[in-house]
file my_file_18.csv (CSV, C-alpha atoms)
chain,number,residue,atom,x,y,z
R,1,MET,CA,0.0,0.0,0.0
R,2,GLN,CA,1.4,3.4,-1.0
R,3,ILE,CA,1.6,6.1,1.6
R,4,THR,CA,2.1,9.6,0.1
R,5,GLY,CA,3.8,12.4,2.0
R,6,GLU,CA,0.5,14.3,2.1
R,7,ARG,CA,-1.5,11.5,3.6
R,8,PHE,CA,1.3,10.7,6.2
R,9,PHE,CA,1.3,14.3,7.5
R,10,SER,CA,-2.5,14.7,7.6
R,11,SER,CA,-3.0,11.5,9.5
R,12,ASN,CA,0.0,11.2,11.8
R,13,LEU,CA,1.5,14.7,12.2
R,14,THR,CA,0.1,15.4,15.7
R,15,LYS,CA,1.2,12.0,17.2
R,16,ILE,CA,4.6,12.0,15.5
R,17,TYR,CA,5.5,15.5,16.6
R,18,PHE,CA,3.9,15.1,20.0
R,19,CYS,CA,6.5,12.4,20.8
R,20,THR,CA,9.3,14.4,19.2
R,21,VAL,CA,8.6,17.3,21.6
R,22,LEU,CA,8.5,14.9,24.6
R,23,ALA,CA,11.7,13.3,23.6
R,24,PHE,CA,13.5,16.6,23.3
R,25,CYS,CA,12.0,17.7,26.6
R,26,SER,CA,13.5,14.6,28.2
R,27,LEU,CA,16.9,15.3,26.7
R,28,TYR,CA,17.3,18.9,27.9
R,29,ALA,CA,15.1,19.0,31.0
R,30,ALA,CA,18.2,18.7,33.3
R,31,GLN,CA,20.2,21.4,31.6
R,32,PRO,CA,18.8,24.6,33.3
R,33,ILE,CA,18.6,23.0,36.7
R,34,GLN,CA,22.2,21.6,36.8
R,35,PRO,CA,23.0,24.1,39.6
R,36,VAL,CA,20.2,22.6,41.6
R,37,PHE,CA,21.7,19.1,41.2
R,38,GLN,CA,25.1,20.7,42.1
R,39,GLN,CA,23.7,22.0,45.4
R,40,GLU,CA,21.5,19.0,46.3
R,41,PHE,CA,24.2,16.3,45.7
R,42,HIS,CA,27.2,18.5,46.7
R,43,LEU,CA,28.8,18.4,43.3
R,44,SER,CA,31.3,20.4,41.3
R,45,SER,CA,30.0,22.2,38.2
R,46,LEU,CA,31.8,19.6,36.0
R,47,GLN,CA,30.1,16.8,37.9
R,48,ALA,CA,26.7,18.5,37.6
R,49,ILE,CA,26.9,18.8,33.8
R,50,LEU,CA,27.2,15.1,33.5
R,51,PHE,CA,23.4,14.9,33.7
R,52,THR,CA,23.4,16.4,30.2
R,53,THR,CA,26.8,15.0,28.9
R,54,LEU,CA,26.1,11.4,29.7
R,55,MET,CA,22.7,11.6,28.0
R,56,MET,CA,24.3,13.0,24.9
R,57,LEU,CA,27.2,10.6,24.8
R,58,PRO,CA,25.2,7.5,23.6
R,59,LEU,CA,23.5,9.8,21.1
R,60,GLY,CA,26.8,10.2,19.4
R,61,PHE,CA,27.1,6.5,18.6
R,62,ALA,CA,23.7,4.9,18.8
R,63,PRO,CA,22.1,6.6,15.7
R,64,MET,CA,24.4,4.7,13.3
R,65,PHE,CA,23.3,1.5,15.0
R,66,TYR,CA,19.7,2.4,14.7
R,67,GLY,CA,20.3,3.5,11.1
R,68,PHE,CA,21.3,-0.1,10.4
R,69,MET,CA,18.2,-1.4,12.2
R,70,LEU,CA,15.9,0.9,10.2
R,71,GLU,CA,17.2,-0.7,7.0
R,72,ALA,CA,16.1,-4.1,8.3
R,73,PHE,CA,13.2,-3.5,10.7
R,74,SER,CA,10.1,-1.4,11.0
R,75,ALA,CA,10.6,2.2,12.2
R,76,ARG,CA,7.2,1.9,13.8
R,77,LEU,CA,8.3,-1.0,16.0
R,78,ILE,CA,11.5,0.7,17.0
R,79,LEU,CA,9.8,4.0,17.7
R,80,ARG,CA,7.0,2.7,19.9
R,81,SER,CA,9.4,0.5,21.9
R,82,ALA,CA,11.8,3.4,22.5
R,83,VAL,CA,9.0,5.8,23.6
R,84,LEU,CA,7.7,3.3,26.1
R,85,ILE,CA,11.2,2.6,27.6
R,86,LEU,CA,12.0,6.3,27.8
R,87,GLY,CA,8.7,6.9,29.7
R,88,LEU,CA,9.4,4.2,32.2
R,89,LEU,CA,13.0,5.5,32.8
R,90,GLU,CA,11.7,8.9,33.5
R,91,LEU,CA,9.4,7.5,36.2
R,92,VAL,CA,12.3,5.7,37.8
R,93,PHE,CA,14.5,8.9,37.5
R,94,CYS,CA,12.0,11.0,39.4
R,95,ILE,CA,12.0,8.7,42.5
R,96,THR,CA,15.8,8.1,42.6
R,97,ASN,CA,18.0,9.7,45.3
R,98,ASN,CA,21.4,8.3,44.4
R,99,TYR,CA,23.6,10.5,42.2
R,100,VAL,CA,25.4,7.6,40.5
R,101,LEU,CA,22.1,5.8,39.8
R,102,LEU,CA,20.7,9.0,38.4
R,103,LEU,CA,23.6,9.2,36.0
R,104,ILE,CA,23.1,5.6,34.9
R,105,ILE,CA,19.5,6.3,34.1
R,106,ARG,CA,20.4,9.3,32.1
R,107,GLY,CA,22.9,7.2,30.1
R,108,LEU,CA,20.2,4.5,29.4
R,109,GLN,CA,17.8,7.3,28.3
R,110,GLY,CA,20.6,8.4,25.9
R,111,MET,CA,20.5,4.9,24.4
R,112,VAL,CA,16.8,4.9,23.6
R,113,ILE,CA,16.3,8.6,22.5
R,114,PRO,CA,18.3,8.2,19.2
R,115,ALA,CA,15.9,5.4,18.3
R,116,ILE,CA,13.1,7.9,18.5
R,117,PHE,CA,15.0,10.6,16.6
R,118,THR,CA,16.3,8.3,13.8
R,119,SER,CA,13.0,6.5,13.4
R,120,LEU,CA,11.1,9.7,13.0
R,121,ILE,CA,13.3,11.5,10.6
R,122,SER,CA,13.8,8.3,8.5
R,123,TYR,CA,10.0,7.7,8.5
R,124,ILE,CA,9.5,11.2,7.2
R,125,SER,CA,12.3,11.0,4.5
R,126,PHE,CA,10.9,7.7,3.2
R,127,THR,CA,7.3,8.8,3.0
R,128,ALA,CA,7.6,12.4,1.8
R,129,LYS,CA,7.8,13.2,-1.9
R,130,PRO,CA,11.4,14.0,-3.0
R,131,SER,CA,10.4,17.6,-3.6
R,132,GLU,CA,9.0,17.8,-0.1
R,133,VAL,CA,11.9,16.3,1.9
R,134,GLN,CA,13.6,19.6,2.8
R,135,SER,CA,10.4,21.2,4.1
R,136,ALA,CA,9.2,17.9,5.8
R,137,VAL,CA,12.5,17.6,7.7
R,138,ALA,CA,12.3,21.3,8.5
R,139,ARG,CA,8.9,20.7,10.2
R,140,TYR,CA,10.5,17.9,12.2
R,141,ILE,CA,13.3,20.2,13.2
R,142,ALA,CA,10.7,22.8,14.3
R,143,ALA,CA,9.2,20.2,16.7
R,144,THR,CA,12.6,19.3,18.1
R,145,ILE,CA,13.2,23.0,18.8
R,146,LEU,CA,9.9,23.4,20.5
R,147,GLY,CA,10.7,20.4,22.7
R,148,GLY,CA,14.2,21.8,23.5
R,149,PHE,CA,12.7,25.1,24.6
R,150,LEU,CA,9.8,23.6,26.6
R,151,GLY,CA,12.0,21.1,28.3
R,152,ARG,CA,14.3,23.8,29.6
R,153,PHE,CA,11.6,26.3,30.4
R,154,LEU,CA,9.1,24.0,32.1
R,155,SER,CA,11.9,22.2,34.0
R,156,GLY,CA,13.1,25.5,35.5
R,157,LEU,CA,9.5,26.6,36.2
R,158,PHE,CA,8.3,23.5,37.9
R,159,THR,CA,11.6,23.1,39.8
R,160,GLU,CA,11.1,26.6,41.4
R,161,LEU,CA,7.4,26.0,42.1
R,162,ILE,CA,7.2,22.3,43.1
R,163,GLY,CA,10.7,20.7,42.9
R,164,TRP,CA,12.7,19.1,40.2
R,165,ARG,CA,11.2,15.7,40.4
R,166,PHE,CA,7.7,16.7,39.2
R,167,PHE,CA,8.5,17.6,35.7
R,168,PHE,CA,10.3,14.2,35.1
R,169,PHE,CA,7.3,12.4,36.5
R,170,LEU,CA,5.0,14.3,34.1
R,171,LEU,CA,7.3,13.5,31.2
R,172,GLY,CA,7.1,9.8,32.1
R,173,VAL,CA,3.3,9.8,32.1
R,174,LEU,CA,3.1,11.7,28.8
R,175,LEU,CA,5.6,9.4,27.0
R,176,ILE,CA,3.6,6.3,28.1
R,177,LEU,CA,0.5,8.0,26.7
R,178,GLY,CA,2.5,8.6,23.5
R,179,PHE,CA,3.3,4.9,23.2
R,180,PHE,CA,-0.4,4.1,23.1
R,181,GLN,CA,-1.1,6.9,20.6
R,182,LEU,CA,1.6,5.6,18.2
R,183,ARG,CA,-0.1,2.2,17.7
R,184,SER,CA,-2.3,3.7,15.0
R,185,LEU,CA,0.8,4.5,12.8
R,186,GLU,CA,0.8,2.6,9.5
R,187,ARG,CA,3.7,0.4,8.8
R,188,ASP,CA,6.5,1.7,6.7
R,189,ALA,CA,5.9,1.6,3.0
R,190,ASN,CA,7.9,2.3,-0.2
R,191,VAL,CA,11.1,1.2,1.6
R,192,GLN,CA,13.4,-1.5,0.2
R,193,TYR,CA,14.9,-2.8,3.4
R,194,SER,CA,18.4,-4.2,3.2
R,195,ARG,CA,21.2,-5.2,5.6
R,196,PRO,CA,24.1,-3.0,4.8
R,197,ARG,CA,27.7,-3.9,5.5
R,198,PRO,CA,29.6,-1.8,8.1
R,199,GLY,CA,31.9,-0.7,5.3
R,200,GLU,CA,28.9,1.3,3.8
R,201,VAL,CA,29.0,3.6,6.8
R,202,PHE,CA,32.6,4.4,6.2
R,203,ALA,CA,32.0,4.8,2.5
R,204,LEU,CA,29.4,7.5,3.3
R,205,ILE,CA,31.9,9.3,5.6
R,206,ARG,CA,34.6,9.1,2.9
R,207,GLN,CA,32.4,11.0,0.5
R,208,GLY,CA,33.7,14.6,0.5
R,209,HIS,CA,30.4,16.3,0.1
R,210,LEU,CA,29.0,14.3,3.1
R,211,LEU,CA,32.1,14.4,5.3
R,212,TRP,CA,32.2,18.2,5.3
R,213,ILE,CA,28.6,18.4,6.3
R,214,TYR,CA,29.3,16.0,9.2
R,215,LEU,CA,32.3,18.0,10.4
R,216,ALA,CA,30.5,21.3,10.1
R,217,ILE,CA,27.5,20.2,12.2
R,218,PHE,CA,30.0,18.7,14.7
R,219,ALA,CA,31.6,22.1,15.2
R,220,VAL,CA,28.3,24.0,15.2
R,221,PHE,CA,26.7,21.8,17.9
R,222,PHE,CA,29.9,21.7,20.0
R,223,VAL,CA,29.5,25.5,20.4
R,224,PHE,CA,25.8,25.4,21.0
R,225,ALA,CA,25.9,22.7,23.7
R,226,GLY,CA,29.0,24.3,25.3
R,227,LEU,CA,27.4,27.7,25.7
R,228,LEU,CA,24.0,26.6,26.8
R,229,ASN,CA,25.4,24.0,29.2
R,230,PHE,CA,27.5,26.5,31.1
R,231,LEU,CA,25.2,29.5,30.8
R,232,PRO,CA,23.2,28.6,34.0
R,233,PHE,CA,26.4,28.5,36.1
R,234,GLU,CA,27.5,31.9,34.7
R,235,LEU,CA,24.1,33.4,35.4
R,236,LYS,CA,24.3,32.1,39.0
R,237,ARG,CA,27.8,33.5,39.3
R,238,ILE,CA,26.7,36.9,38.1
R,239,ASN,CA,23.6,36.9,40.4
R,240,PRO,CA,23.4,34.0,43.0
R,241,GLY,CA,19.7,34.8,43.5
R,242,PHE,CA,18.8,34.2,39.9
R,243,GLY,CA,16.0,31.6,40.0
R,244,GLU,CA,15.4,28.5,37.9
R,245,THR,CA,12.4,30.1,36.2
R,246,GLY,CA,14.6,33.0,35.1
R,247,ILE,CA,17.2,30.5,33.8
R,248,GLY,CA,14.5,28.7,31.9
R,249,ILE,CA,13.2,32.0,30.4
R,250,MET,CA,16.7,32.8,29.2
R,251,TYR,CA,16.3,30.0,26.6
R,252,SER,CA,13.4,31.8,24.9
R,253,GLY,CA,15.6,32.7,22.0
R,254,TYR,CA,15.3,29.0,21.1
R,255,ILE,CA,12.0,29.7,19.5
R,256,MET,CA,13.8,31.5,16.6
R,257,GLY,CA,14.7,28.1,15.4
R,258,ILE,CA,11.0,27.3,14.8
R,259,LEU,CA,10.6,30.4,12.6
R,260,VAL,CA,13.8,29.5,10.7
R,261,SER,CA,12.8,25.9,10.2
R,262,LEU,CA,9.3,26.5,9.0
R,263,ASN,CA,10.6,29.1,6.5
R,264,ILE,CA,13.6,27.2,5.2
R,265,ARG,CA,12.6,27.2,1.6
R,266,ARG,CA,11.8,30.9,1.6
R,267,LEU,CA,15.1,31.7,3.2
R,268,ILE,CA,17.1,29.6,0.7
R,269,THR,CA,15.3,31.4,-2.1
R,270,TRP,CA,15.9,34.8,-0.5
R,271,PHE,CA,19.7,34.2,0.1
R,272,GLY,CA,20.0,32.7,-3.4
R,273,SER,CA,21.6,29.3,-2.4
R,274,GLU,CA,22.1,26.9,0.4
R,275,PHE,CA,25.7,27.9,0.8
R,276,ALA,CA,24.9,31.6,1.0
R,277,MET,CA,22.3,30.9,3.7
R,278,ALA,CA,24.6,28.6,5.7
R,279,ALA,CA,27.5,31.1,5.6
R,280,THR,CA,25.2,34.0,6.7
R,281,GLY,CA,23.9,31.8,9.5
R,282,LEU,CA,27.5,31.1,10.7
R,283,CYS,CA,28.3,34.8,10.7
R,284,ILE,CA,25.2,35.5,12.8
R,285,TYR,CA,26.2,32.6,15.0
R,286,ALA,CA,29.6,34.1,15.6
R,287,LEU,CA,28.0,37.5,16.4
R,288,GLY,CA,25.8,35.7,18.9
R,289,VAL,CA,28.7,34.0,20.7
R,290,ALA,CA,30.6,37.3,20.9
R,291,GLY,CA,27.5,39.0,22.3
R,292,PHE,CA,27.6,37.0,25.4
R,293,MET,CA,30.7,38.9,26.4
R,294,VAL,CA,28.3,41.4,27.8
R,295,GLN,CA,27.7,39.9,31.3
R,296,HIS,CA,24.2,41.2,32.1
R,297,HIS,CA,21.2,39.0,32.2
R,298,MET,CA,19.0,41.2,30.0
R,299,ALA,CA,21.7,41.6,27.4
R,300,MET,CA,22.2,37.8,27.4
R,301,PHE,CA,18.5,37.3,27.1
R,302,ALA,CA,18.3,39.5,24.0
R,303,ASN,CA,21.5,38.0,22.5
R,304,MET,CA,20.1,34.5,22.8
R,305,PHE,CA,17.7,35.3,19.9
R,306,VAL,CA,20.7,36.2,17.7
R,307,PHE,CA,22.7,33.1,18.8
R,308,CYS,CA,19.8,30.7,18.2
R,309,THR,CA,18.9,32.2,14.8
R,310,GLY,CA,22.4,31.6,13.5
R,311,MET,CA,22.6,28.1,14.8
R,312,PHE,CA,19.2,27.0,13.4
R,313,MET,CA,19.8,28.6,10.0
R,314,VAL,CA,22.8,26.2,9.7
R,315,HIS,CA,21.2,23.1,11.3
R,316,ALA,CA,17.8,23.3,9.6
R,317,LEU,CA,19.5,23.6,6.2
R,318,LEU,CA,22.2,20.9,6.6
R,319,SER,CA,19.8,18.4,8.2
R,320,GLY,CA,17.6,18.6,5.1
R,321,TYR,CA,20.5,18.9,2.6
R,322,ILE,CA,21.9,15.6,3.8
R,323,ASN,CA,18.8,13.9,2.5
R,324,THR,CA,19.2,15.6,-0.8
R,325,LEU,CA,22.8,14.5,-1.2
R,326,ALA,CA,22.4,10.9,0.1
R,327,SER,CA,20.6,9.1,-2.8
R,328,GLN,CA,20.9,5.7,-1.1
R,329,ASN,CA,20.8,4.4,2.5
R,330,LYS,CA,19.1,7.6,3.8
R,331,ALA,CA,18.5,6.0,7.2
R,332,ILE,CA,22.3,5.4,7.6
R,333,ALA,CA,23.1,8.9,6.3
R,334,ASN,CA,20.7,10.5,8.8
R,335,GLY,CA,22.1,8.3,11.6
R,336,VAL,CA,25.7,9.4,10.8
R,337,TYR,CA,24.5,13.0,10.7
R,338,ILE,CA,22.9,12.7,14.2
R,339,SER,CA,26.0,10.9,15.5
R,340,PHE,CA,28.3,13.8,14.5
R,341,TYR,CA,25.8,16.3,15.8
R,342,TYR,CA,25.6,14.7,19.2
R,343,LEU,CA,29.3,13.8,19.4
R,344,GLY,CA,29.9,17.5,18.9
R,345,GLY,CA,27.3,18.2,21.6
R,346,THR,CA,28.8,15.7,24.0
R,347,MET,CA,32.3,17.1,23.7
R,348,GLY,CA,31.0,20.7,23.7
R,349,SER,CA,29.0,20.1,26.9
R,350,PHE,CA,32.1,19.1,28.8
R,351,ALA,CA,35.4,20.0,27.2
R,352,PRO,CA,35.0,23.8,27.2
R,353,GLY,CA,34.1,23.6,30.9
R,354,ILE,CA,37.8,23.0,31.6
R,355,ILE,CA,38.5,26.4,30.0
R,356,TYR,CA,35.6,28.0,31.9
R,357,GLU,CA,36.8,26.6,35.2
R,358,HIS,CA,40.4,27.8,34.8
R,359,PHE,CA,40.2,31.0,32.7
R,360,GLY,CA,36.6,32.3,33.0
R,361,TRP,CA,33.7,33.1,30.8
R,362,ARG,CA,35.3,35.4,28.2
R,363,VAL,CA,38.2,33.1,27.3
R,364,PHE,CA,35.6,30.3,27.2
R,365,LEU,CA,33.7,32.3,24.6
R,366,ILE,CA,36.8,33.0,22.5
R,367,ALA,CA,37.5,29.3,22.4
R,368,LEU,CA,33.9,28.7,21.1
R,369,LEU,CA,34.5,31.4,18.4
R,370,GLY,CA,37.4,29.3,17.2
R,371,MET,CA,35.0,26.4,16.7
R,372,VAL,CA,32.7,28.6,14.7
R,373,ALA,CA,35.6,29.5,12.4
R,374,ALA,CA,36.3,25.8,12.0
R,375,ALA,CA,32.7,25.3,10.9
R,376,MET,CA,33.1,28.0,8.3
R,377,PHE,CA,36.1,26.3,6.9
R,378,CYS,CA,34.1,23.0,6.6
R,379,LEU,CA,31.4,24.9,4.8
R,380,VAL,CA,33.8,26.3,2.3
R,381,ARG,CA,35.2,22.8,1.7
R,382,LEU,CA,31.6,21.5,1.4
R,383,ARG,CA,30.9,23.9,-1.4
R,384,SER,CA,34.0,22.9,-3.3
R,385,ALA,CA,33.2,19.2,-2.9
R,386,VAL,CA,29.6,19.6,-4.2
R,387,LYS,CA,30.9,21.5,-7.2
R,388,GLN,CA,33.3,18.7,-7.9
R,389,LYS,CA,30.6,16.1,-7.5
R,390,LEU,CA,28.3,18.0,-10.0
R,391,ALA,CA,31.2,18.4,-12.4
R,392,VAL,CA,32.0,14.7,-12.3
R,393,GLY,CA,28.3,13.8,-12.7
R,394,ALA,CA,27.9,16.1,-15.7
R,395,GLY,CA,30.9,14.6,-17.3
R,396,GLU,CA,29.5,11.1,-16.9
R,397,GLY,CA,26.0,12.1,-18.0
R,398,HIS,CA,24.4,11.9,-14.5
R,399,THR,CA,22.3,14.5,-12.8
R,400,TYR,CA,22.0,15.1,-9.0
call {"tool": "encode", "arguments": {"input": "my_file_18.csv", "output": "structure tokens"}}
result
Amino acid sequence: MQITGERFFSSNLTKIYFCTVLAFCSLYAAQPIQPVFQQEFHLSSLQAILFTTLMMLPLGFAPMFYGFMLEAFSARLILRSAVLILGLLELVFCITNNYVLLLIIRGLQGMVIPAIFTSLISYISFTAKPSEVQSAVARYIAATILGGFLGRFLSGLFTELIGWRFFFFLLGVLLILGFFQLRSLERDANVQYSRPRPGEVFALIRQGHLLWIYLAIFAVFFVFAGLLNFLPFELKRINPGFGETGIGIMYSGYIMGILVSLNIRRLITWFGSEFAMAATGLCIYALGVAGFMVQHHMAMFANMFVFCTGMFMVHALLSGYINTLASQNKAIANGVYISFYYLGGTMGSFAPGIIYEHFGWRVFLIALLGMVAAAMFCLVRLRSAVKQKLAVGAGEGHTY
């Protein structure tokens, strides 16, 4: 039975994106309240950020594994199972009092969340029409952005009003509800499943036009995770009385990503090309990083809109562009993209903290600007690789 992109979105959009929002709420709920964990469990700042780092670490490796699974098994089966497991783990997390056990639970959650992410984006790319893939993925990105913001904001709000455990309990209940809602999803269609060899993953990475995308998004998310992970500690350092709700509100600039993602096609047309848009996004991104040099909470709040606009201009474009360039094994190509994305986030959520601890906020920001420059270098190389690919294809009589 054929499932068109239009039918897929009209029948399953709400359920699919509901679970996307919940999954991203789960991923980022601990980030704004890491100072609370630091105080309650008597931790250093580097120990406290492990609540985010350990959840991202499996995300850097698991998507490639799930990409293989999606080539052989139903995305619907993997998705529903992962949503149920994540919900149960959230319920266990909210009643646990041991720091080490809490970290273990976060690590286990990091193993199941990529199953949700990779299944969803692969389901979309397989069922959407080729001409709709970019906008379809952009709508998915918009749902992830909404989840990232709500996870941070509501976590801070409920922590200040009720305590940090309530929001994790609420997430557990809603995820289990999502598991039951997803049973109405139709099985995957129009997908020729195969069992690819491990060498095919490395073959994808060796392709220049894909490699530079992967390296660019690694650098971009390294910066994003690093800044957002240590921002709560800097806000507390500037003003020890700054509350968790205030920290959550600081992430309001995150909503700029929704506007960018939903208007991705218009933006590409307006800028004239994908590369012009990505380069502009990186320049805005660098401006946003530099803007955090002004250590005042109102200035930081306003600058967050600039910072997030630049980041999501790059991410929304590249995450769709990877589906355009990868003509085969899209599930694996998406899995590798997510792996590089979260490997960058994992390293960024921890490694810059060493600079922050020893040299302070401004040197920390200068180091992040260096990574933005690295991303720009990757983008320039990507443009050259795509031009070479098109030239070779034209010479052999192929079109891309």
call {"tool": "closest_residue", "arguments": {"input": "my_file_18.csv", "among": "R:Arg152, R:Lys15, R:Arg80, R:His315", "to": "Ala138 in chain R", "atoms": "only C-alpha atoms"}}
result
R:His315
call {"tool": "atom_distance", "arguments": {"input": "my_file_18.csv", "atom1": "CA of Leu379 in chain R", "atom2": "CA of Ile332 in chain R"}}
result
21.7 Å
call {"tool": "atom_distance", "arguments": {"input": "my_file_18.csv", "atom1": "CA of Phe73 in chain R", "atom2": "CA of Lys330 in chain R"}}
result
14.3 Å
call {"tool": "closest_residue", "arguments": {"input": "my_file_18.csv", "among": "R:Phe41, R:Met376, R:Leu88, R:Phe65", "to": "Val100 in chain R", "atoms": "all atoms listed in the file"}}
result
R:Phe41
call {"tool": "closest_residue", "arguments": {"input": "my_file_18.csv", "among": "R:Pro114, R:Ser26, R:Cys378, R:Phe221", "to": "Phe167 in chain R", "atoms": "all atoms listed in the file"}}
result
R:Ser26
call {"tool": "residues_near_point", "arguments": {"input": "my_file_18.csv", "point": "(35.2, 31.1, 21.0)", "cutoff": "12 Å", "atoms": "all atoms listed in the file", "output": "MDAnalysis selection string"}}
result
chainID R and resid 219:220 222:224 226:227 285:293 348 352 355:356 361:375
call {"tool": "closest_residue", "arguments": {"input": "my_file_18.csv", "among": "R:Ile264, R:Leu382, R:Ala276, R:Leu343", "to": "Leu57 in chain R", "atoms": "all atoms listed in the file"}}
result
R:Leu343
call {"tool": "closest_residue", "arguments": {"input": "my_file_18.csv", "among": "R:Val336, R:Ile141, R:Leu228, R:Ile105", "to": "Val201 in chain R", "atoms": "all atoms listed in the file"}}
result
R:Val336
call {"tool": "closest_residue", "arguments": {"input": "my_file_18.csv", "among": "R:Leu231, R:Ile268, R:Met56, R:Val380", "to": "Phe301 in chain R", "atoms": "all atoms listed in the file"}}
result
R:Leu231
call {"tool": "atom_distance", "arguments": {"input": "my_file_18.csv", "atom1": "CA of Trp212 in chain R", "atom2": "CA of Tyr342 in chain R"}}
result
15.8 Å
call {"tool": "residues_around", "arguments": {"input": "my_file_18.csv", "residues": "Leu102 in chain R", "least_positions_apart": "4", "cutoff": "12 Å", "atoms": "all atoms listed in the file", "output": "PyMOL selection string"}}
result
chain R and resi 30+37+41+48+50-52+54-55+89-98+106-109+165
call {"tool": "residues_around", "arguments": {"input": "my_file_18.csv", "residues": "range 243-247 of chain R", "least_positions_apart": "4", "cutoff": "7 Å", "atoms": "all atoms listed in the file", "output": "JSON, numbers by chain"}}
result
{"R": [32, 33, 153, 156, 157, 159, 160, 232]}
call {"tool": "axis_aligned_box", "arguments": {"input": "my_file_18.csv", "around": "range 145-160 of chain R", "padding_each_side": "8 Å", "output": "AutoDock Vina command-line options"}}
result
--center_x 11.3 --center_y 23.5 --center_z 30.1 --size_x 22.0 --size_y 22.2 --size_z 38.6
call {"tool": "residues_near_point", "arguments": {"input": "my_file_18.csv", "point": "(22.9, 17.1, 4.3)", "cutoff": "10 Å", "atoms": "only C-alpha atoms", "output": "PyMOL selection string"}}
result
chain R and resi 134+209-214+217+315-326+333-334+337
